[in-house]
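Pasted below: start_1.txt, compact mmCIF, C-alpha atoms.
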# COMPACT_ATOMS: atom_id res chain seq x y z
CA MET N 1112 0.00 0.00 0.00
CA SER N 1113 1.45 3.35 -1.02
CA ILE N 1114 1.44 5.99 1.61
CA GLY N 1115 0.10 9.46 0.58
CA SER N 1116 -0.96 8.40 -2.91
CA SER N 1117 -4.34 10.00 -2.44
CA TYR N 1118 -2.97 13.51 -1.94
CA PRO N 1119 -2.85 15.80 -5.02
CA VAL N 1120 0.87 16.55 -4.82
CA GLY N 1121 2.05 19.11 -7.40
CA ARG N 1122 -1.41 20.00 -8.64
CA SER N 1123 -2.92 23.43 -8.66
CA SER N 1124 -4.53 24.35 -5.37
CA ALA N 1125 -7.18 26.54 -7.02
CA ALA N 1126 -9.74 23.76 -6.91
CA THR N 1127 -9.15 23.14 -3.22
CA VAL N 1128 -10.16 26.59 -2.02
CA PRO N 1129 -13.06 26.11 0.39
CA VAL N 1130 -16.44 27.34 -0.65
CA GLY N 1131 -17.26 30.79 0.72
CA ILE N 1132 -13.63 31.98 0.90
CA ALA N 1133 -13.08 34.97 -1.35
CA ARG N 1134 -10.30 34.58 -3.89
CA PRO N 1135 -7.71 37.34 -4.15
CA ALA N 1136 -8.05 39.60 -7.17
CA SER N 1137 -5.94 38.43 -10.09
CA PRO N 1138 -3.15 40.78 -11.18
CA GLU N 1139 -4.66 41.36 -14.63
CA ARG N 1140 -7.81 42.79 -13.04
CA VAL N 1141 -5.95 45.58 -11.27
CA SER N 1142 -4.75 48.54 -13.29
CA THR N 1143 -1.73 50.73 -12.78
CA PRO N 1144 -2.12 52.65 -9.50
CA LEU N 1145 -4.35 55.64 -10.04
CA VAL N 1146 -1.81 58.03 -8.52
CA LEU N 1147 0.80 57.02 -11.10
CA ARG N 1148 -1.68 57.34 -13.95
CA LEU N 1149 -2.70 60.81 -12.84
CA LEU N 1150 0.89 61.93 -12.34
CA GLY N 1151 1.78 60.60 -15.77
CA ALA N 1152 -1.14 62.48 -17.30
CA ALA N 1153 -0.07 65.64 -15.46
CA VAL N 1154 3.42 65.34 -16.94
CA CYS N 1155 1.96 64.85 -20.44
CA PHE N 1156 -0.31 67.89 -20.13
CA LEU N 1157 2.54 69.95 -18.69
CA LEU N 1158 4.81 69.03 -21.60
CA THR N 1159 2.02 69.90 -24.04
CA LEU N 1160 1.59 73.25 -22.28
CA ALA N 1161 5.33 73.95 -22.49
CA LEU N 1162 5.49 72.98 -26.15
CA THR N 1163 2.45 75.13 -26.95
CA GLY N 1164 4.02 78.13 -25.24
CA ALA N 1165 7.41 77.59 -26.89
CA LEU N 1166 5.85 77.19 -30.34
CA PHE N 1167 3.40 80.09 -30.30
CA VAL N 1168 5.49 82.53 -28.25
CA TRP N 1169 9.08 81.93 -29.37
CA THR N 1170 8.86 80.78 -33.01
CA TYR N 1171 8.04 82.62 -36.21
CA PRO N 1172 5.45 80.07 -37.46
CA GLY N 1173 3.65 80.12 -34.11
CA GLN N 1174 3.37 83.91 -33.93
CA TRP N 1175 2.36 83.98 -37.59
CA TRP N 1176 -0.43 81.43 -37.04
CA ASP N 1177 -1.74 83.35 -34.04
CA GLY N 1178 -1.82 86.51 -36.15
CA LEU N 1179 -3.49 84.71 -39.03
CA LEU N 1180 -6.29 83.32 -36.87
CA LEU N 1181 -6.83 86.59 -34.97
CA PRO N 1182 -5.54 89.46 -37.09
CA ARG N 1183 -5.02 92.87 -35.60
CA ALA N 1184 -7.54 95.56 -36.46
CA GLU N 1185 -4.90 97.57 -38.28
CA SER N 1186 -1.16 98.01 -38.37
CA GLY N 1187 -0.21 99.01 -34.83
CA GLY N 1188 -3.77 98.51 -33.57
CA GLY N 1189 -5.29 96.07 -31.11
CA TYR N 1190 -6.64 92.56 -31.57
CA GLU N 1191 -10.30 93.43 -31.00
CA GLN N 1192 -12.25 91.78 -33.80
CA GLN N 1193 -14.47 93.77 -36.14
CA THR N 1194 -17.77 92.09 -35.33
CA ASP N 1195 -21.09 92.85 -33.68
CA LEU N 1196 -20.21 90.29 -30.99
CA VAL N 1197 -17.60 92.52 -29.34
CA GLY N 1198 -20.20 94.06 -27.03
CA PRO N 1199 -21.67 90.71 -25.86
CA ALA N 1200 -18.16 89.29 -25.49
CA LYS N 1201 -17.08 92.12 -23.18
CA ALA N 1202 -20.31 91.77 -21.20
CA VAL N 1203 -19.60 88.04 -20.68
CA LEU N 1204 -16.06 88.77 -19.51
CA ALA N 1205 -17.20 91.54 -17.17
CA THR N 1206 -19.81 89.25 -15.61
CA PHE N 1207 -17.43 86.34 -15.20
CA GLY N 1208 -14.75 88.61 -13.75
CA ASP N 1209 -17.02 89.84 -10.98
CA PRO N 1210 -15.29 88.94 -7.66
CA LEU N 1211 -18.64 88.25 -5.99
CA LEU N 1212 -19.60 85.73 -8.67
CA LEU N 1213 -16.22 84.00 -8.44
CA ALA N 1214 -16.49 83.86 -4.66
CA ALA N 1215 -19.98 82.37 -4.94
CA LEU N 1216 -18.74 79.72 -7.39
CA LEU N 1217 -15.85 78.80 -5.10
CA GLY N 1218 -18.24 78.64 -2.17
CA GLY N 1219 -20.43 76.33 -4.22
CA VAL N 1220 -17.49 73.95 -4.63
CA LEU N 1221 -17.11 73.77 -0.85
CA LEU N 1222 -20.85 73.34 -0.26
CA VAL N 1223 -21.19 70.54 -2.80
CA GLY N 1224 -18.15 68.86 -1.26
CA LEU N 1225 -19.53 69.24 2.25
CA PHE N 1226 -22.96 67.77 1.51
CA GLY N 1227 -21.48 64.98 -0.60
CA ARG N 1228 -18.89 63.93 2.03
CA ARG N 1229 -16.14 65.29 -0.22
CA LEU N 1230 -15.09 68.34 1.77
CA LEU N 1231 -11.39 67.55 1.33
CA ALA N 1232 -11.93 67.36 -2.44
CA GLY N 1233 -13.70 70.72 -2.26
CA VAL N 1234 -10.79 72.32 -0.41
CA VAL N 1235 -8.33 70.85 -2.91
CA GLY N 1236 -10.52 72.14 -5.76
CA VAL N 1237 -10.53 75.68 -4.37
CA VAL N 1238 -6.74 75.56 -3.96
CA MET N 1239 -6.53 74.35 -7.56
CA VAL N 1240 -8.51 77.36 -8.84
CA LEU N 1241 -6.40 79.80 -6.84
CA GLY N 1242 -3.29 78.05 -8.08
CA ALA N 1243 -4.44 78.50 -11.68
CA VAL N 1244 -4.73 82.26 -11.06
CA VAL N 1245 -1.26 82.49 -9.53
CA VAL N 1246 0.51 80.28 -12.09
CA ALA N 1247 -1.15 81.93 -15.10
CA GLY N 1248 -0.17 85.38 -13.85
CA ALA N 1249 3.39 84.32 -13.05
CA VAL N 1250 3.97 82.66 -16.43
CA LYS N 1251 2.43 85.61 -18.27
CA SER N 1252 4.76 88.04 -16.49
CA ALA N 1253 7.92 85.94 -16.70
CA LEU N 1254 7.67 84.55 -20.25
CA PRO N 1255 9.36 86.87 -22.77
CA ARG N 1256 7.84 87.28 -26.24
CA PRO N 1257 10.54 88.12 -28.79
CA ASP N 1258 10.01 90.52 -31.68
CA LEU N 1259 10.24 88.35 -34.79
CA ALA N 1260 9.30 91.16 -37.21
CA ILE N 1261 5.82 89.81 -37.86
CA ALA N 1262 3.36 92.51 -38.87
CA SER N 1263 0.40 90.75 -37.22
CA SER N 1264 2.18 90.23 -33.86
CA THR N 1265 3.34 92.28 -30.89
CA THR N 1266 5.86 91.69 -28.13
CA HIS N 1267 3.16 91.82 -25.44
CA ASN N 1268 2.87 88.36 -23.88
CA SER N 1269 -0.59 87.12 -22.92
CA PHE N 1270 0.12 83.38 -22.65
CA PRO N 1271 -1.71 81.69 -20.97
CA SER N 1272 -5.16 83.21 -20.54
CA GLY N 1273 -6.03 83.73 -16.88
CA HIS N 1274 -9.77 84.00 -17.60
CA VAL N 1275 -9.83 80.66 -19.42
CA ALA N 1276 -7.60 79.01 -16.80
CA VAL N 1277 -9.96 80.07 -14.02
CA ALA N 1278 -13.07 79.01 -15.95
CA ALA N 1279 -11.61 75.57 -16.72
CA ALA N 1280 -10.28 75.15 -13.16
CA LEU N 1281 -13.71 75.97 -11.71
CA LEU N 1282 -15.35 73.34 -13.90
CA LEU N 1283 -12.73 70.74 -12.94
CA ALA N 1284 -13.08 71.64 -9.25
CA TYR N 1285 -16.78 70.78 -9.43
CA LEU N 1286 -15.88 67.50 -11.13
CA LEU N 1287 -13.73 66.63 -8.09
CA VAL N 1288 -16.63 67.03 -5.64
CA LEU N 1289 -19.27 65.27 -7.75
CA PRO N 1290 -19.89 61.51 -7.82
CA GLY N 1291 -18.74 59.64 -10.90
CA PRO N 1292 -22.09 59.38 -12.74
CA ALA N 1293 -22.78 63.11 -12.29
CA ARG N 1294 -19.46 64.20 -13.80
CA ARG N 1295 -20.51 63.37 -17.34
CA TRP N 1296 -23.68 65.44 -16.99
CA LEU N 1297 -21.67 68.51 -15.99
CA ALA N 1298 -18.65 67.99 -18.24
CA LEU N 1299 -20.42 68.75 -21.52
CA PRO N 1300 -22.25 71.99 -20.59
CA GLY N 1301 -19.29 73.03 -18.46
CA ALA N 1302 -16.87 72.63 -21.37
CA ALA N 1303 -19.29 74.64 -23.51
CA GLY N 1304 -19.22 77.41 -20.90
CA VAL N 1305 -15.41 77.42 -20.86
CA SER N 1306 -15.48 77.60 -24.66
CA VAL N 1307 -17.74 80.67 -24.48
CA ILE N 1308 -15.27 82.37 -22.12
CA GLY N 1309 -12.40 81.52 -24.47
CA ALA N 1310 -14.30 82.80 -27.52
CA ALA N 1311 -15.14 86.02 -25.67
CA THR N 1312 -11.48 86.68 -24.82
CA MET N 1313 -10.51 86.26 -28.49
CA ILE N 1314 -13.35 88.37 -29.88
CA ALA N 1315 -12.69 91.17 -27.39
CA GLY N 1316 -9.00 91.11 -28.33
CA TRP N 1317 -7.80 90.19 -24.86
CA HIS N 1318 -6.11 86.94 -25.84
CA ARG N 1319 -4.81 84.99 -28.80
CA PHE N 1320 -5.79 81.44 -29.77
CA SER N 1321 -2.67 79.98 -28.13
CA ASP N 1322 -3.50 81.79 -24.88
CA VAL N 1323 -6.89 80.06 -24.69
CA LEU N 1324 -5.32 76.67 -25.35
CA GLY N 1325 -2.64 77.36 -22.74
CA GLY N 1326 -5.23 78.26 -20.10
CA VAL N 1327 -7.09 74.98 -20.64
CA LEU N 1328 -3.89 72.91 -20.55
CA LEU N 1329 -2.74 74.62 -17.36
CA SER N 1330 -6.00 73.85 -15.56
CA VAL N 1331 -6.09 70.21 -16.68
CA THR N 1332 -2.49 69.79 -15.48
CA LEU N 1333 -3.42 71.15 -12.06
CA PHE N 1334 -6.53 68.93 -12.03
CA CYS N 1335 -4.43 65.79 -12.55
CA LEU N 1336 -2.12 66.83 -9.71
CA ALA N 1337 -5.07 67.59 -7.41
CA ALA N 1338 -6.74 64.26 -8.23
CA ALA N 1339 -3.44 62.46 -7.60
CA VAL N 1340 -3.24 64.03 -4.13
CA LEU N 1341 -6.78 62.89 -3.33
CA ALA N 1342 -6.20 59.41 -4.77
CA GLY N 1343 -3.02 59.04 -2.73
CA ARG N 1344 -5.00 59.43 0.48
CA SER N 1345 -7.31 56.57 -0.50
CA GLY N 1346 -4.63 54.04 -1.40
CA GLY N 1347 -4.22 54.75 -5.10
CA ALA N 1348 -4.88 51.34 -6.70
CA VAL N 1349 -8.34 50.84 -8.15
CA PRO N 1350 -9.93 47.98 -10.11
CA ARG N 1351 -9.69 48.41 -13.82
CA PRO N 1352 -13.08 49.66 -15.03
CA PRO N 1353 -14.63 47.59 -17.81
CA GLY N 1354 -14.89 48.97 -21.31
CA GLY N 1355 -12.06 51.51 -21.26
CA LEU N 1356 -12.02 51.94 -25.05
CA ALA N 1357 -15.80 52.00 -25.17
CA ALA N 1358 -15.88 54.69 -22.49
CA ALA N 1359 -13.33 56.77 -24.39
CA GLY N 1360 -15.31 56.40 -27.61
CA ARG N 1361 -18.50 57.39 -25.83
CA LEU N 1362 -16.86 60.52 -24.44
CA LEU N 1363 -15.57 61.46 -27.89
CA ALA N 1364 -19.03 60.97 -29.38
CA GLU N 1365 -20.59 63.09 -26.63
CA GLY N 1366 -17.99 65.80 -27.23
CA ALA N 1367 -18.76 65.82 -30.95
CA VAL N 1368 -22.47 66.10 -30.23
CA GLY N 1369 -21.72 68.91 -27.78
CA LEU N 1370 -19.81 70.83 -30.46
CA VAL N 1371 -22.71 70.50 -32.88
CA VAL N 1372 -25.21 71.62 -30.23
CA LEU N 1373 -22.99 74.55 -29.22
CA ALA N 1374 -22.62 75.66 -32.82
CA GLY N 1375 -26.36 75.35 -33.42
CA ALA N 1376 -27.19 77.29 -30.24
CA SER N 1377 -24.74 80.02 -31.25
CA LEU N 1378 -26.41 80.38 -34.62
CA VAL N 1379 -29.83 80.58 -32.96
CA VAL N 1380 -28.73 83.16 -30.38
CA ALA N 1381 -26.70 85.17 -32.88
CA PRO N 1382 -28.07 84.49 -36.39
CA GLY N 1383 -25.42 86.68 -38.03
CA LEU N 1384 -22.51 84.91 -36.36
CA ALA N 1385 -21.04 83.36 -39.51
CA ALA N 1386 -21.43 86.60 -41.45
CA SER N 1387 -20.26 88.82 -38.61
CA VAL N 1388 -17.06 86.94 -37.72
CA ARG N 1389 -14.33 86.50 -40.27
CA ARG N 1390 -13.03 83.08 -41.24
CA GLY N 1391 -9.84 83.22 -39.15
CA PRO N 1392 -11.48 84.08 -35.82
CA LEU N 1393 -14.33 81.65 -36.52
CA LEU N 1394 -11.79 78.87 -37.10
CA ALA N 1395 -9.96 79.84 -33.90
CA ILE N 1396 -13.20 79.73 -31.88
CA ALA N 1397 -14.16 76.32 -33.30
CA ALA N 1398 -10.68 74.86 -32.71
CA ALA N 1399 -10.52 76.21 -29.17
CA ALA N 1400 -13.97 74.78 -28.36
CA GLY N 1401 -13.06 71.37 -29.75
CA LEU N 1402 -9.76 71.19 -27.87
CA THR N 1403 -11.44 72.35 -24.67
CA MET N 1404 -14.03 69.58 -24.85
CA LEU N 1405 -11.30 67.06 -25.64
CA ALA N 1406 -9.24 68.12 -22.60
CA VAL N 1407 -12.24 68.09 -20.23
CA GLY N 1408 -13.28 64.69 -21.61
CA ALA N 1409 -9.77 63.37 -20.92
CA ALA N 1410 -10.01 64.60 -17.32
CA VAL N 1411 -13.35 62.85 -16.83
CA PHE N 1412 -11.96 59.67 -18.38
CA LEU N 1413 -8.94 59.64 -16.05
CA VAL N 1414 -11.04 59.70 -12.86
CA ARG N 1415 -13.97 57.64 -14.15
CA SER N 1416 -13.18 54.75 -11.79
CA VAL N 1417 -12.76 56.64 -8.52
CA ASP N 1418 -14.94 58.60 -6.13
CA PHE N 1419 -13.28 61.03 -3.74
CA ALA N 1420 -16.00 60.72 -1.07
CA ALA N 1421 -14.92 60.05 2.50
CA PRO N 1422 -15.83 56.57 3.84
CA ARG N 1423 -18.98 56.36 5.93
CA PRO N 1424 -18.41 55.68 9.63
CA ARG N 1425 -19.31 52.19 10.81
CA THR N 1426 -22.33 52.28 13.10
CA SER N 1427 -22.25 48.69 14.35
CA ARG N 1428 -19.65 46.03 15.09
CA PRO N 1429 -19.80 42.82 13.04
CA GLU N 1430 -19.46 40.67 16.13
CA ALA N 1431 -22.59 42.23 17.69
CA LYS N 1432 -24.83 40.99 14.88
CA GLY N 1433 -27.31 38.35 15.93
CA ARG N 1434 -26.91 38.93 19.65
CA ILE N 1435 -29.96 39.46 21.78
CA PHE N 1436 -28.17 40.70 24.88
CA PRO N 1437 -25.04 42.86 25.01

Would you mind writing the file out in structure tokens?
Amino acid sequence: MSIGSSYPVGRSSAATVPVGIARPASPERVSTPLVLRLLGAAVCFLLTLALTGALFVWTYPGQWWDGLLLPRAESGGGYEQQTDLVGPAKAVLATFGDPLLLAALLGGVLLVGLFGRRLLAGVVGVVMVLGAVVVAGAVKSALPRPDLAIASSTTHNSFPSGHVAVAAALLLAYLLVLPGPARRWLALPGAAGVSVIGAATMIAGWHRFSDVLGGVLLSVTLFCLAAAVLAGRSGGAVPRPPGGLAAAGRLLAEGAVGLVVLAGASLVVAPGLAASVRRGPLLAIAAAAGLTMLAVGAAVFLVRSVDFAAPRPRTSRPEAKGRIFP
């Protein structure tokens, strides 16, 4: 009689796991830690921001393209566009620049975070908005703009746009304090609102096309850093959400629909838009809107699998369940 012949020596122990014992998650079901993904995205957006600034501020083709999209009114004149939309554009900028309105919007971030158990996310979001203001102003003051002898350009640096950076940062701050399903409902109209602010700055002659793009890239970079800080406090590794490519395709489709709706609404509100705005500024507005929606969609996609809500406190001990007497 052989001793031990009935034991499955050398076989896989997967089949011997007792019923009711949870199996550990397999490695292929866990994605790269969320903190690393967000930090990697922040580096990519920061490099894109730096390349955008270097191209449009320091090179002849970049300054020339900015001047082609938004030509100056006349030789030696300003960048205010010759269109009937200058008045509405300045009214939009004056309203958005009201300190009371900005304070109310920042307070709304904190209130939404407080009632949704995401107060820390709300505080981080407010810091992110204030950081966008400080960084945009510092870069604008420190970045030199050389005179490359381009008739449609000046040496005044306006990269990146502070108005657009604040508008995009406010939208992304609200995305931090909202639950996952609600982010998609705010992302589309919010990106449209940021696009309106960007279009207004270009029509009023306050900023160039590259400035609008730089403001959006700056805010998305800060958003990735803020989300990485919040994710680091919760452990960082999250299960890989199903349908990553499908989710990305859905966001792209929603962004395309949003562009069509925004263009249609603009034509309804201002029927003479196409006739009033020249081809260059109209192309700059459309390109800025599309890139804004793409950047906001990327931010939503990056945090689609995580909720920054604080854990609920446990009200009962597991060992007390089923007991009649204490």

Around the point (-3.3, 80.5, -25.7) in the file's coordinates, collect all residues with an atom within 12 Å, using all atoms listed in the file, and return them as a PyMOL selection string. chain N and resi 1159-1168+1173-1174+1176-1177+1180-1181+1247+1250-1251+1268-1276+1309-1310+1312-1313+1317-1329+1395-1396+1398-1399+1402-1403

Could you tell me how far CA of Asp1418 in chain N lies from CA of Pro1290 in chain N, in Å and to one decimal?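 Computing it gives 6.0 Å between the two atoms.
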
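Distance check against Gly1391 in chain N using all atoms listed in the file: of N:Leu1405, N:Ile1314, N:Ala1421, N:Ala1337, the minimum falls on N:Ile1314.
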
What is the distance, in Å and to one decimal place, between CA of Ala1279 in chain N and CA of Gly1208 in chain N? 13.7 Å

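Pairwise distance (CA of Pro1182 in chain N, CA of Ala1260 in chain N) equals 14.9 Å.
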
I'd like a table as JSON lines: residues in range 1142-1243 of chain N with an atom no more than 12 Å from range 1286-1289 of chain N, each row giving the shortest atom pair and its distance in Å to one decimal, all atoms listed in the file counted, sorted by chain and rising residue number.
{"residue": "N:Leu1217", "atom": "CA", "partner": "N:Val1288", "partner_atom": "CA", "distance": 11.8}
{"residue": "N:Gly1219", "atom": "CA", "partner": "N:Val1288", "partner_atom": "CA", "distance": 10.1}
{"residue": "N:Val1220", "atom": "CA", "partner": "N:Val1288", "partner_atom": "CA", "distance": 7.0}
{"residue": "N:Leu1221", "atom": "CA", "partner": "N:Val1288", "partner_atom": "CA", "distance": 8.3}
{"residue": "N:Leu1222", "atom": "CA", "partner": "N:Val1288", "partner_atom": "CA", "distance": 9.3}
{"residue": "N:Val1223", "atom": "CA", "partner": "N:Val1288", "partner_atom": "CA", "distance": 6.4}
{"residue": "N:Gly1224", "atom": "CA", "partner": "N:Val1288", "partner_atom": "CA", "distance": 5.0}
{"residue": "N:Leu1225", "atom": "CA", "partner": "N:Val1288", "partner_atom": "CA", "distance": 8.7}
{"residue": "N:Phe1226", "atom": "CA", "partner": "N:Val1288", "partner_atom": "CA", "distance": 9.6}
{"residue": "N:Gly1227", "atom": "CA", "partner": "N:Val1288", "partner_atom": "CA", "distance": 7.3}
{"residue": "N:Arg1228", "atom": "CA", "partner": "N:Val1288", "partner_atom": "CA", "distance": 8.6}
{"residue": "N:Arg1229", "atom": "CA", "partner": "N:Val1288", "partner_atom": "CA", "distance": 5.7}
{"residue": "N:Leu1230", "atom": "CA", "partner": "N:Val1288", "partner_atom": "CA", "distance": 7.7}
{"residue": "N:Leu1231", "atom": "CA", "partner": "N:Val1288", "partner_atom": "CA", "distance": 8.7}
{"residue": "N:Ala1232", "atom": "CA", "partner": "N:Val1288", "partner_atom": "CA", "distance": 5.7}
{"residue": "N:Gly1233", "atom": "CA", "partner": "N:Val1288", "partner_atom": "CA", "distance": 5.8}
{"residue": "N:Val1234", "atom": "CA", "partner": "N:Val1288", "partner_atom": "CA", "distance": 9.5}
{"residue": "N:Val1235", "atom": "CA", "partner": "N:Leu1287", "partner_atom": "CA", "distance": 8.6}
{"residue": "N:Gly1236", "atom": "CA", "partner": "N:Leu1287", "partner_atom": "CA", "distance": 6.8}
{"residue": "N:Val1237", "atom": "CA", "partner": "N:Leu1287", "partner_atom": "CA", "distance": 10.3}
{"residue": "N:Met1239", "atom": "CA", "partner": "N:Leu1287", "partner_atom": "CA", "distance": 10.6}
{"residue": "N:Val1240", "atom": "CA", "partner": "N:Leu1287", "partner_atom": "CA", "distance": 12.0}

Judged by all atoms listed in the file, the minimum distance to Phe1412 in chain N among N:Leu1213, N:Ala1253, N:Ala1152, N:Val1146 is found for N:Ala1152

What lies within 9 Å of Val1411 in chain N using all atoms listed in the file, ignoring chain neighbours under 6 positions off, as a PyMOL selection string? chain N and resi 1283+1286+1291+1294-1295+1298+1362

Nearest candidate to Pro1172 in chain N (options N:Leu1196, N:Ile1261, N:Leu1147, N:Ala1278; using only C-alpha atoms):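 Closest residue, counting only C-alpha atoms: N:Ile1261.
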
Let me make sure I understand: among N:Gln1193, N:Thr1332, N:Thr1206, N:Thr1266, which one has the smallest atom-to-atom distance to Cys1155 in chain N if we use only C-alpha atoms?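 Of N:Gln1193, N:Thr1332, N:Thr1206, N:Thr1266, the one nearest Cys1155 in chain N, counting only C-alpha atoms, is N:Thr1332.
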
Calculated over only C-alpha atoms, which of the candidates N:Ala1215, N:Ala1284, N:Leu1394, N:Ala1202 has the smallest distance to Ala1338 in chain N?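 Of all the options, N:Ala1284 lies closest to Ala1338 in chain N.
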
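Distances here use only C-alpha atoms; by that measure, the residue among N:Gly1151, N:Pro1292, N:Gly1242, N:Pro1257 closest to Trp1169 in chain N is N:Pro1257.
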